[in-house]
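A short worksheet on the structure shown next.
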Amino acid sequence: MSRDYTKVINSINSIASKVYNDLESSEIPNLKLPTRTKSNIQFDDKLNVWKYGKNMTERSAKSLDGAYMMLRTMYMVDFIKDMIKANKSSTLREMYYISEGWDLAKFNSQPESDSLAEDLEVITSCMREDFKLRPEEDGARVIGNLTIEEMTRNKTKKKIHCQDDVGDSGYSIPYNVEPEKISFKGADADFILAIETGGMFDRLVENGFDTSNRAILVHLKGQPARSTRRFIKRLNEKEKLPVLVFTDCDPWSYRIFGSVAYGAIKTAHISEYLATPAAQYLGVTPSDIENYKLPTDKLTKEDINALKSELSDPRFQDSFWKHEIKLQLSLGKKSEQQALAKYGLDYVTDTYLPEKLAEMGIIKK
Amino acid sequence: MPEVIAHKLAEKQKEISVAEFFERNKHILGFGNPTRALLTSVKEGVDNVLDACEESGILPDIYVEIRNHEDGECKLIVEDNGPGIVKKQIPHIFGRLLYGSRFHAIQQSRGQQGIGISAVVLYGQLTTGKHAKVISKIQEDRPATVTELAIDTNKNRSEVINRDTMHWDKPSGTRFEVSIVADYKRGRRFVCEYLQSVSIVNPHAQITFKEPDGTEHLFERISDMLPRKSVEIKPHPYGVELGTLIKLAKNTKSRKLSSFLKSEFSSMGDRTTKAVCEKAQLDKDFNPKNMSREQFLALHKAFKKVKIMAPTTECLSPIGETLIKRSLKHETQEISPEFIVTASRPASVYSGNPFQIEVGIVYGGSLPKDKTVKLMRFANRVPLLYQQGDCVSTSAISSIDWRRYGLEQPSGKGIPSGPAMFLTHMSSTLIPFTSESKEAIADIPEIENEVKLAFRECARKVQSHINKKVRRVKTREKFELITKILPEIAKKSSKMLDKPVPSLDKVITKIMDVVWIEDIIEYETTSAKPAQSTLFDESSEKREEGWITKSTVMVVNYKNKPQKFNLYAVIPEDAVVGSVTPKPTKITDNYIKWNLDTIPPADKRDIYFELAGLDKEDFDENDLYVENINPSYVIGADKWEGD
C-alpha cells in the first residue's frame, strides 16, 4: 500500500530552496507562515469552523532564535525526506530523541519539536501523517452501542462492538481513524457524550448509563488528541448523532470544548478535519454551581486570567459563553464533574444528566 | 507667717551626680539595654583609637577581645598601636565625663559621636562594681604604665585606685580593659557588623576581633594610605548660633568689629565684612566686647542676608571613590558581587557647615533577591547602626525610582528590594544628628539633595552596566549566529538540494549591520616601584607588588560601508596611562581619545592601552564612547556626550 509522496517531497524541497535562494542572493533567509495565535483566527462560514486569518509571521535568520529555528527546520525536513525514502515512520517523541543527534539543531524540549512539526504542516499544507509522523498512542476510550470495523496489523478487517466485544475500559481509539483504518458499521444510540475525566467516564460505565440512556460514551482524556477529535467528528457525520461535551467547570475545560466544537488555535489549519461544529456544551456550567449547590474551589489567579482571556477569544463570543464566564468571574469559584457525588454515586446518572439532557432537548422528560 | 515655699524647695534642691545623670539618660547615651551597651562600649573604644591614630599619623592595628563571664558580665579589651597616653592624662580621659580635646574644634572627627570612653568606664563601674584598667606606653625605651581607675560619681572626678609599671613589647600603644554587664549572645551580631562596617570606611585600619570562644576575625588593612589629615577651620557665619557669636566676641583679641569678623570666622573678606556691617547697620569700628544683645542679634540676622562664600572644604576627609570600591570589594568577597559602583559628590555646605557625600552600590552575587536592599550608613567614618528609618539617606534613597535599575520597588517609592547593598558616607565638621544617640542624620534639604545626586550618579553607572550586560549577550548571540548557525543552514540546505554552498559574507554583513566593539581587560603584576606608603609608615622599605591594567579593544566594521569615527575610553582619575596604541589624539585625566582611520567593511582594528597606579580589578570594565558616527550603528560603546 505505497502511496505517492511526490507532492510532499516537492513541498519539503521548496522550503530548502527558499532558504538556499535567499542565501545565494545575499538576502537574510526567512520563511512566512500564518500567525498561530488567538488574535489571528476567524470563523470560516463555508467550513463552519475557526481557521487562521491573514496575519503572517516571519521566521527570519536575523535573530539567533530565528536562525536556530531555521536550522532545525532544515534538519527536520531532511529527516522527513529520509523517512519517506526509507518508507519508515516515527512518533513525535522518537523524532525528538533523534534530534538529540542533530548537534546545534537539537531541541530543548519535545513541545518545541512538536510545534515545529505543526509549523511545517501550516507552511506546506500537508498533514502530519504525510510527514510520516504520528503521536503517541493515547488510548482514548469509547463505550456504547456502536460497531466499528478496524483494519488490523495483519491487514484483515475486524468488526468490534463497543459494548459486547470490549471490557469495562472500552474500545481504544487508534491514532489513525481515517476510513482506510476504521469505518463505522452502525450505531443504535441517541447521542454521543464526550467526557473529560476518566473518573466520570468510569462512573457512567459502572452505572450503565450507555445502556440506560442510549448513549455512546467517549473519554476525552483531558485536552483531546487529534484522533479523538477526528473520531468524534466522523461519528457525528456518519451516524448523525448529537455530540454533548461534559467537563469540569473551569476555564481549561471550556478550551477542551472549544477544540472539539470550534477548532483549536494550535491546529486551526486543519480545523475542518478535526472540529465538530454541532457539538454542544452540557456542563458543568457556572450556573450549575448555583443551581445544584455544588462543592467548589476558589478560582486561582491563573484561572481568572484564563477566563478573562476567553472573554476576548473570538470563539467564545456568543451570549451563552459570555454570560457563563462573567457569572463564574463574579462567583470566583470553580467546580469538578465529580463534585456531583456530593448527592450520592447515582446522582449524576439518575438526576443531573437526565435533567440537563432534557433541558437541551436531547431526551424527553 | 506662712513658710516661704522657696526655702522648702531649696532643701530638696541639690546638685545631681553624674551617676544619676547617667542612670537617667542611659538610653540616650547608648546603654539602654545589655545588647546596646556591648556595642556602644566597643564603639567608643574603637572610635577613640581610630581618631588618636589618625591625629598622630599611625596606621592603626586594633585588637578587640570580648570575654564572656557567667551572669551576663563581659570583659571588653581594646588594644592599639597608637601613640599612647601620658600618665597624667589617663585619669582625665578615662575617668571624667565630657572631657576631650576635640569637643570645640570645627574639624571632621569621630569624637563628636557618643559621650566618650569614660561613659563605658562609668557603665562598667555601675553595673559590675569593678574598676577599669589602662595600660599605656608612649615611648619605645620606656616601660608601660598600668592604671586602675574608678569614677567618683559625686564629683565627676577620676580616682586612681592603683598605679604600676610593666614591660610591654609594643613600641607604643594603649590597652583598655573594662568589665560590663552585657548580652553577648544577642550583641554579637551587632559587634561583628559594626567592626566590618568600620573596616569598610577605614581601609587603612587593621582590626582583629577575638570572640569568647577563641574564634578570631581579621578585618584586613587594604590601603596603606592614611586618610587625608583634616584641618581645623573657623566657624562659618551661616552656621554660627547667636550664643556662640556673643561668646566669640567676649573672648576675641580684636578691638574692632571688622577685624573680629575677619579673624574669627571663615570666608569673611573685606567686601563681605563691609556688606554684613551695612546690613546690620553697625559701625565696623565698634568694639565687639561692648556690643549689646540687640546689636549681636542684628549682626546674626545680617549674616543670613549677605551672600558669603562657602567655607573651605580642607577640613573634610572623604574616603574617595576608588578606596570605597576597593573596600567594598574586599569586604563582600564571600558574596562575589556582580559589580560595585561608587560615586563621590563635590563638597557642599548646609547652614555654614561643609559636608561631602560619598555613596556606593554593591550588586548581585549571592545577595538575596527578594529582600529589601541593605543600607549601610556612615558619618565621619563611623557606622550608624540604628534608627535607619529616620535618616536623611534613607529618605533620599526612598525618593528615587529604582525600578528601571533592575530593582523592585512598589509604586516607585521606598527602600527597593533586590540583590544590592547601598553605602552612604557623610563627612562633615558637624553631622546634624536627629538626636543625642547619634544614629540618624537629620532631614536637611541640602544633604538630602546631595545624597540623591550621588545615588543618581551611581544608578546611572548601574544602568550603563546593565546595558553593557544586555549588549554583551546580544553580541555573543550575533557572533554565534554568524559563525555557527548560518554556515550550518547553508550547508544543510545545499546538501538537500545537491548544490554548492553559497558565500555568506554579504548576508553576514546584512545580519550584523553594526560596528562591533569588544574588549578585554587583563592584569599583570609588576615589582618595579615600591607601593604607595606614607611618611609615617616605618615599614616603607618593604616592596609590594603593583599591578598594570591592560585593556584591549577590538573594533570590527560589519557595516557595508567604510566607517570613520572617534573612540573614547574613560579611565579613572587616579590612574597613570602607560603605553597606548595606536597613537591617541588626546589623553586627559579622565579619558583617552583616538581619531581612528577609516575602517573598510569587514575589516578590524585593535586598540590597546595600559593603566598603572591601580590595584588589580580597580578598573574592571571599559567605558567606551564613540563620536562622529550614528551611535545606533555601534554595539559595545555609547554616544560621547562631551567632556
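Here, A, B, ... name the chains of the C-alpha cells in the order displayed, residue numbers run from 1 inside each chain, and ligands are numbered from 1 in the same displayed order.
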(request) Report as a ChimeraX atom specification the set of chain A residues whose atoms approach chain B to within 10 Å, with distances computed over only C-alpha atoms. (result) /A:13-29,61-75,77-78,81,104-105
Selection above as a file: C-alpha atoms, as a short mmCIF file (atom, residue, chain, number, x, y, z; two decimals), in the first residue's frame:
```
data_model
loop_
_atom_site.label_atom_id
_atom_site.label_comp_id
_atom_site.auth_asym_id
_atom_site.auth_seq_id
_atom_site.Cartn_x
_atom_site.Cartn_y
_atom_site.Cartn_z
CA ASN A 13 12.14 20.75 -1.09
CA SER A 14 10.52 24.10 -1.69
CA ILE A 15 11.36 25.06 1.92
CA ALA A 16 15.02 24.17 1.42
CA SER A 17 15.05 26.03 -1.92
CA LYS A 18 13.58 29.15 -0.41
CA VAL A 19 16.34 29.28 2.22
CA TYR A 20 19.06 28.40 -0.28
CA ASN A 21 17.93 31.03 -2.79
CA ASP A 22 17.79 33.69 -0.10
CA LEU A 23 21.38 32.94 0.88
CA GLU A 24 22.57 32.83 -2.71
CA SER A 25 21.07 36.24 -3.46
CA SER A 26 22.58 37.71 -0.25
CA GLU A 27 19.23 38.01 1.47
CA ILE A 28 18.70 37.10 5.12
CA PRO A 29 16.77 33.81 4.83
CA ALA A 61 17.57 34.15 10.47
CA LYS A 62 18.30 37.70 11.56
CA SER A 63 17.89 36.82 15.23
CA LEU A 64 19.63 33.96 16.96
CA ASP A 65 16.36 32.24 17.88
CA GLY A 66 15.12 32.63 14.33
CA ALA A 67 18.33 31.20 12.94
CA TYR A 68 18.15 28.23 15.29
CA MET A 69 14.54 27.64 14.27
CA MET A 70 15.56 27.72 10.63
CA LEU A 71 18.40 25.30 11.15
CA ARG A 72 16.05 22.92 12.99
CA THR A 73 13.55 23.26 10.17
CA MET A 74 16.26 22.24 7.72
CA TYR A 75 17.15 19.21 9.81
CA VAL A 77 12.58 18.38 6.59
CA ASP A 78 15.73 16.43 5.73
CA LYS A 81 12.59 13.20 3.39
CA LEU A 104 23.36 22.59 17.08
CA ALA A 105 19.87 21.93 15.74
#
```
(message) Would you pick out the contacts of Leu235 (chain A) at 8 Å or less, using only C-alpha atoms, so that residues sharing its chain but fewer than 5 positions from it are not included, and give the list as a list in words?
(response) Phe184, Lys240 and Leu241 of chain A
Can those selected residues be exported to a file as a short mmCIF file (atom, residue, chain, number, x, y, z; two decimals), in the first residue's frame so that it contains all heavy atoms?
```
data_model
loop_
_atom_site.label_atom_id
_atom_site.label_comp_id
_atom_site.auth_asym_id
_atom_site.auth_seq_id
_atom_site.Cartn_x
_atom_site.Cartn_y
_atom_site.Cartn_z
N PHE A 184 -17.38 2.97 10.39
CA PHE A 184 -18.50 2.75 11.32
C PHE A 184 -19.54 1.87 10.68
O PHE A 184 -19.98 2.13 9.56
CB PHE A 184 -19.10 4.10 11.71
CG PHE A 184 -18.09 5.01 12.38
CD1 PHE A 184 -17.64 6.16 11.76
CD2 PHE A 184 -17.59 4.68 13.63
CE1 PHE A 184 -16.71 6.97 12.36
CE2 PHE A 184 -16.66 5.50 14.25
CZ PHE A 184 -16.23 6.64 13.61
N LYS A 240 -25.05 10.82 12.34
CA LYS A 240 -25.94 11.97 12.58
C LYS A 240 -26.41 12.02 14.05
O LYS A 240 -27.60 12.20 14.33
CB LYS A 240 -27.18 11.92 11.66
CG LYS A 240 -26.86 11.78 10.19
CD LYS A 240 -26.64 13.14 9.57
CE LYS A 240 -26.35 13.06 8.08
NZ LYS A 240 -24.92 12.81 7.76
N LEU A 241 -25.48 11.78 14.94
CA LEU A 241 -25.84 11.81 16.36
C LEU A 241 -25.38 13.13 16.98
O LEU A 241 -24.29 13.61 16.68
CB LEU A 241 -25.16 10.67 17.11
CG LEU A 241 -25.62 9.26 16.74
CD1 LEU A 241 -24.79 8.24 17.51
CD2 LEU A 241 -27.11 9.09 17.05
#
```
(request) Would you kindly return, as a list in words, each protein, DNA or RNA residue with an atom no farther than 7 Å from any atom of region 118-126 of chain B, considering only C-alpha atoms and excluding same-chain residues fewer than 5 positions away? (result)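 The residues satisfying every condition are Ser41, Ile93, Phe94, Gly95, Arg96, Leu97, His131, Ala132, Ile151, Val178, Ser179, Ile180 and Val181 of chain B.
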Report the residues of region 76-176 of chain B whose backbone DSSP state falls under strand (DSSP E), written as a short mmCIF file (atom, residue, chain, number, x, y, z; two decimals) with N, CA, C and O atoms, in the first residue's frame.
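Saved to part33.cif:
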```
data_model
loop_
_atom_site.label_atom_id
_atom_site.label_comp_id
_atom_site.auth_asym_id
_atom_site.auth_seq_id
_atom_site.Cartn_x
_atom_site.Cartn_y
_atom_site.Cartn_z
N LEU B 76 35.66 43.51 78.28
CA LEU B 76 35.99 44.05 76.97
C LEU B 76 37.42 44.56 76.99
O LEU B 76 37.83 45.27 77.90
N ILE B 77 38.19 44.15 75.98
CA ILE B 77 39.57 44.62 75.87
C ILE B 77 39.75 45.27 74.50
O ILE B 77 39.39 44.68 73.48
N VAL B 78 40.26 46.49 74.50
CA VAL B 78 40.57 47.15 73.23
C VAL B 78 42.03 47.59 73.30
O VAL B 78 42.42 48.33 74.20
N GLU B 79 42.82 47.09 72.34
CA GLU B 79 44.24 47.40 72.36
C GLU B 79 44.66 48.00 71.02
O GLU B 79 44.15 47.60 69.98
N ASP B 80 45.58 48.96 71.06
CA ASP B 80 46.00 49.58 69.80
C ASP B 80 47.50 49.80 69.76
O ASP B 80 48.21 49.57 70.73
N ALA B 132 38.19 49.87 85.97
CA ALA B 132 38.76 49.73 84.64
C ALA B 132 40.27 49.75 84.74
O ALA B 132 40.84 50.28 85.71
N LYS B 133 40.95 49.16 83.72
CA LYS B 133 42.40 49.11 83.75
C LYS B 133 42.92 49.65 82.42
O LYS B 133 42.40 49.31 81.36
N VAL B 134 43.93 50.54 82.51
CA VAL B 134 44.50 51.11 81.30
C VAL B 134 46.00 50.90 81.31
O VAL B 134 46.69 51.26 82.27
N ILE B 135 46.51 50.25 80.25
CA ILE B 135 47.96 50.09 80.11
C ILE B 135 48.35 50.99 78.95
O ILE B 135 47.69 50.98 77.90
N SER B 136 49.39 51.81 79.13
CA SER B 136 49.74 52.69 78.04
C SER B 136 51.24 52.89 77.97
O SER B 136 51.93 52.96 78.98
N LYS B 137 51.75 52.97 76.75
CA LYS B 137 53.18 53.16 76.56
C LYS B 137 53.37 54.23 75.49
O LYS B 137 52.73 54.16 74.43
N ALA B 144 55.75 50.57 80.26
CA ALA B 144 54.36 50.98 80.15
C ALA B 144 53.81 51.28 81.53
O ALA B 144 54.25 50.71 82.52
N THR B 145 52.85 52.20 81.60
CA THR B 145 52.20 52.46 82.88
C THR B 145 50.90 51.67 82.95
O THR B 145 50.21 51.51 81.95
N VAL B 146 50.61 51.17 84.14
CA VAL B 146 49.36 50.45 84.35
C VAL B 146 48.54 51.25 85.35
O VAL B 146 49.00 51.55 86.43
N THR B 147 47.34 51.64 84.96
CA THR B 147 46.50 52.45 85.84
C THR B 147 45.17 51.74 86.06
O THR B 147 44.50 51.35 85.11
N GLU B 148 44.80 51.58 87.32
CA GLU B 148 43.49 51.02 87.62
C GLU B 148 42.67 52.18 88.14
O GLU B 148 43.11 52.89 89.04
N LEU B 149 41.51 52.44 87.54
CA LEU B 149 40.81 53.64 87.97
C LEU B 149 39.30 53.46 88.09
O LEU B 149 38.71 52.54 87.53
N ALA B 150 38.73 54.36 88.84
CA ALA B 150 37.28 54.38 89.05
C ALA B 150 36.83 55.83 88.93
O ALA B 150 37.66 56.74 88.86
N ILE B 151 35.51 56.06 88.90
CA ILE B 151 35.00 57.42 88.81
C ILE B 151 34.28 57.76 90.12
O ILE B 151 33.44 57.00 90.59
N ASP B 152 34.65 58.90 90.68
CA ASP B 152 33.91 59.40 91.85
C ASP B 152 32.67 60.07 91.30
O ASP B 152 32.72 61.16 90.75
N ARG B 157 35.00 63.11 89.04
CA ARG B 157 36.46 63.08 89.00
C ARG B 157 36.89 61.63 89.01
O ARG B 157 36.20 60.77 89.55
N SER B 158 38.05 61.39 88.45
CA SER B 158 38.52 60.02 88.48
C SER B 158 39.29 59.75 89.76
O SER B 158 39.85 60.67 90.36
N GLU B 159 39.27 58.49 90.11
CA GLU B 159 40.00 58.08 91.30
C GLU B 159 40.99 57.02 90.85
O GLU B 159 40.59 56.00 90.29
N VAL B 160 42.27 57.28 91.04
CA VAL B 160 43.24 56.26 90.68
C VAL B 160 43.33 55.27 91.83
O VAL B 160 43.63 55.63 92.95
N ILE B 161 43.01 54.04 91.54
CA ILE B 161 42.98 53.02 92.59
C ILE B 161 44.37 52.43 92.76
O ILE B 161 44.83 52.14 93.85
N ASN B 162 45.07 52.28 91.67
CA ASN B 162 46.36 51.61 91.70
C ASN B 162 47.18 52.05 90.50
O ASN B 162 46.65 52.27 89.42
N ARG B 163 48.47 52.20 90.68
CA ARG B 163 49.33 52.59 89.57
C ARG B 163 50.58 51.74 89.60
O ARG B 163 51.10 51.44 90.67
N ASP B 164 51.07 51.36 88.43
CA ASP B 164 52.20 50.44 88.38
C ASP B 164 52.90 50.61 87.04
O ASP B 164 52.38 51.30 86.15
N THR B 165 54.04 50.02 86.87
CA THR B 165 54.66 49.99 85.56
C THR B 165 54.91 48.55 85.18
O THR B 165 54.93 47.66 86.03
N MET B 166 55.08 48.31 83.88
CA MET B 166 55.35 46.94 83.42
C MET B 166 56.10 46.99 82.11
O MET B 166 56.16 48.02 81.43
N GLY B 173 51.46 52.30 72.50
CA GLY B 173 50.09 51.81 72.37
C GLY B 173 49.33 51.91 73.67
O GLY B 173 49.88 52.32 74.69
N THR B 174 48.06 51.54 73.59
CA THR B 174 47.21 51.61 74.77
C THR B 174 46.35 50.35 74.81
O THR B 174 45.91 49.84 73.77
N ARG B 175 46.16 49.83 76.01
CA ARG B 175 45.26 48.69 76.18
C ARG B 175 44.27 49.06 77.26
O ARG B 175 44.64 49.52 78.34
N PHE B 176 43.01 48.88 76.95
CA PHE B 176 41.94 49.29 77.85
C PHE B 176 41.12 48.06 78.19
O PHE B 176 40.71 47.31 77.30
#
```
(request) Considering only C-alpha atoms, return as a list in words whatever protein or nucleic-acid residues lie within 12 Å of Lys266 (chain A), sequence-local ones (same chain, fewer than 4 positions apart) excluded. (result) Pro34, Thr35, Arg36, Thr37, Lys38, Asn40, Ile41, Trp50, Lys51, Tyr52, Pro111, Asp114, Ser115, Leu116, Ala117, Glu118, Asp119, Glu121, Val122, Arg226, Arg255, Gly258, Ser259, Tyr262, Ile270, Ser271 and Leu274 of chain A
(request) Pick out the residues sitting within 12 Å of region 328-331 of chain A, and hand them over as a ChimeraX atom specification; count only C-alpha atoms, and ignore anything fewer than 6 positions along from it in its own chain. (result) /A:249-251,284-290,296-301,303-311,321-322
Give me the residues near Val556 (chain B) as an mmCIF file with all heavy atoms, in the first residue's frame, where near means some atom within 8 Å (using only C-alpha atoms) and where sequence neighbours in that chain fewer than 4 positions away do not count.
```cif
data_model
loop_
_atom_site.group_PDB
_atom_site.id
_atom_site.type_symbol
_atom_site.label_atom_id
_atom_site.label_comp_id
_atom_site.auth_asym_id
_atom_site.auth_seq_id
_atom_site.Cartn_x
_atom_site.Cartn_y
_atom_site.Cartn_z
ATOM 1 N N VAL B 515 28.835 48.381 13.713
ATOM 2 C CA VAL B 515 30.248 48.404 14.056
ATOM 3 C C VAL B 515 30.314 47.747 15.429
ATOM 4 O O VAL B 515 29.630 48.144 16.360
ATOM 5 C CB VAL B 515 30.778 49.845 14.127
ATOM 6 C CG1 VAL B 515 32.192 49.860 14.688
ATOM 7 C CG2 VAL B 515 30.738 50.477 12.751
ATOM 8 N N TRP B 516 31.134 46.732 15.496
ATOM 9 C CA TRP B 516 31.105 45.895 16.688
ATOM 10 C C TRP B 516 32.370 46.110 17.512
ATOM 11 O O TRP B 516 33.479 45.974 17.005
ATOM 12 C CB TRP B 516 30.977 44.440 16.224
ATOM 13 C CG TRP B 516 30.910 43.460 17.321
ATOM 14 C CD1 TRP B 516 30.562 43.686 18.606
ATOM 15 C CD2 TRP B 516 31.223 42.079 17.215
ATOM 16 N NE1 TRP B 516 30.616 42.527 19.321
ATOM 17 C CE2 TRP B 516 31.019 41.526 18.486
ATOM 18 C CE3 TRP B 516 31.636 41.245 16.187
ATOM 19 C CZ2 TRP B 516 31.226 40.185 18.747
ATOM 20 C CZ3 TRP B 516 31.843 39.916 16.446
ATOM 21 C CH2 TRP B 516 31.636 39.385 17.718
ATOM 22 N N ILE B 517 32.195 46.515 18.766
ATOM 23 C CA ILE B 517 33.340 46.792 19.626
ATOM 24 C C ILE B 517 33.350 45.807 20.791
ATOM 25 O O ILE B 517 32.353 45.662 21.492
ATOM 26 C CB ILE B 517 33.297 48.250 20.151
ATOM 27 C CG1 ILE B 517 33.270 49.210 18.962
ATOM 28 C CG2 ILE B 517 34.487 48.535 21.059
ATOM 29 C CD1 ILE B 517 33.211 50.668 19.331
ATOM 30 N N ALA B 602 33.993 44.828 6.851
ATOM 31 C CA ALA B 602 34.545 43.522 7.248
ATOM 32 C C ALA B 602 35.991 43.615 7.715
ATOM 33 O O ALA B 602 36.678 42.607 7.829
ATOM 34 C CB ALA B 602 34.411 42.500 6.123
ATOM 35 N N ASP B 603 36.476 44.841 8.004
ATOM 36 C CA ASP B 603 37.841 44.983 8.490
ATOM 37 C C ASP B 603 37.849 45.237 10.001
ATOM 38 O O ASP B 603 36.826 45.565 10.578
ATOM 39 C CB ASP B 603 38.544 46.133 7.757
ATOM 40 C CG ASP B 603 40.023 45.837 7.585
ATOM 41 O OD1 ASP B 603 40.478 44.782 8.084
ATOM 42 O OD2 ASP B 603 40.721 46.656 6.951
ATOM 43 N N LYS B 604 39.032 45.127 10.606
ATOM 44 C CA LYS B 604 39.136 45.115 12.054
ATOM 45 C C LYS B 604 40.283 46.003 12.533
ATOM 46 O O LYS B 604 41.296 46.121 11.852
ATOM 47 C CB LYS B 604 39.402 43.646 12.435
ATOM 48 C CG LYS B 604 39.480 43.358 13.887
ATOM 49 C CD LYS B 604 39.793 41.878 14.078
ATOM 50 C CE LYS B 604 40.794 41.819 15.190
ATOM 51 N NZ LYS B 604 41.472 40.687 15.526
ATOM 52 N N ARG B 605 40.123 46.660 13.670
ATOM 53 C CA ARG B 605 41.204 47.458 14.272
ATOM 54 C C ARG B 605 41.386 47.024 15.731
ATOM 55 O O ARG B 605 40.401 46.817 16.434
ATOM 56 C CB ARG B 605 40.831 48.948 14.293
ATOM 57 C CG ARG B 605 40.767 49.607 12.948
ATOM 58 C CD ARG B 605 42.152 50.006 12.442
ATOM 59 N NE ARG B 605 42.044 50.611 11.128
ATOM 60 C CZ ARG B 605 41.982 49.926 9.995
ATOM 61 N NH1 ARG B 605 42.028 48.606 10.016
ATOM 62 N NH2 ARG B 605 41.873 50.546 8.836
#
```
(request) Using DSSP on the backbone coordinates, identify the residues of region 112-303 of chain A assigned to alpha helix (DSSP H); present them as a PyMOL selection string. (result) chain A and resi 112-124+198-206+209-212+226-239+251-261+271-274+286-291+301-303
(message) List as a ChimeraX atom specification the protein and nucleic acid residues near region 283-288 of chain B, meaning an atom at most 10 Å away when only C-alpha atoms are counted, but skip any in the same chain fewer than 4 places from it.
(response) /B:246,248-261,273-274,276-278,292,295-296
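Among the candidates A:Tyr254, A:Phe246, A:Tyr5, A:Phe316, the residue lying nearest to Ile84 (chain A) is A:Tyr5 (atoms considered: only C-alpha atoms).
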(request) Would you work out the distance separating CA of Met76 (chain A) from CA of Leu133 (chain A), expressed in Å to one decimal? (result)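 The value is 11.0 Å.
Residue nearest Ala189 (chain A), chosen from A:Ala140, A:Ile173, A:Val243, A:Ile9 and counting only C-alpha atoms: A:Val243.
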(request) State, in Å with one decimal place, the distance from CA of Ser89 (chain A) to CA of Arg59 (chain A). (result)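 Pair CA of Ser89 (chain A) / CA of Arg59 (chain A) returns 27.2 Å.
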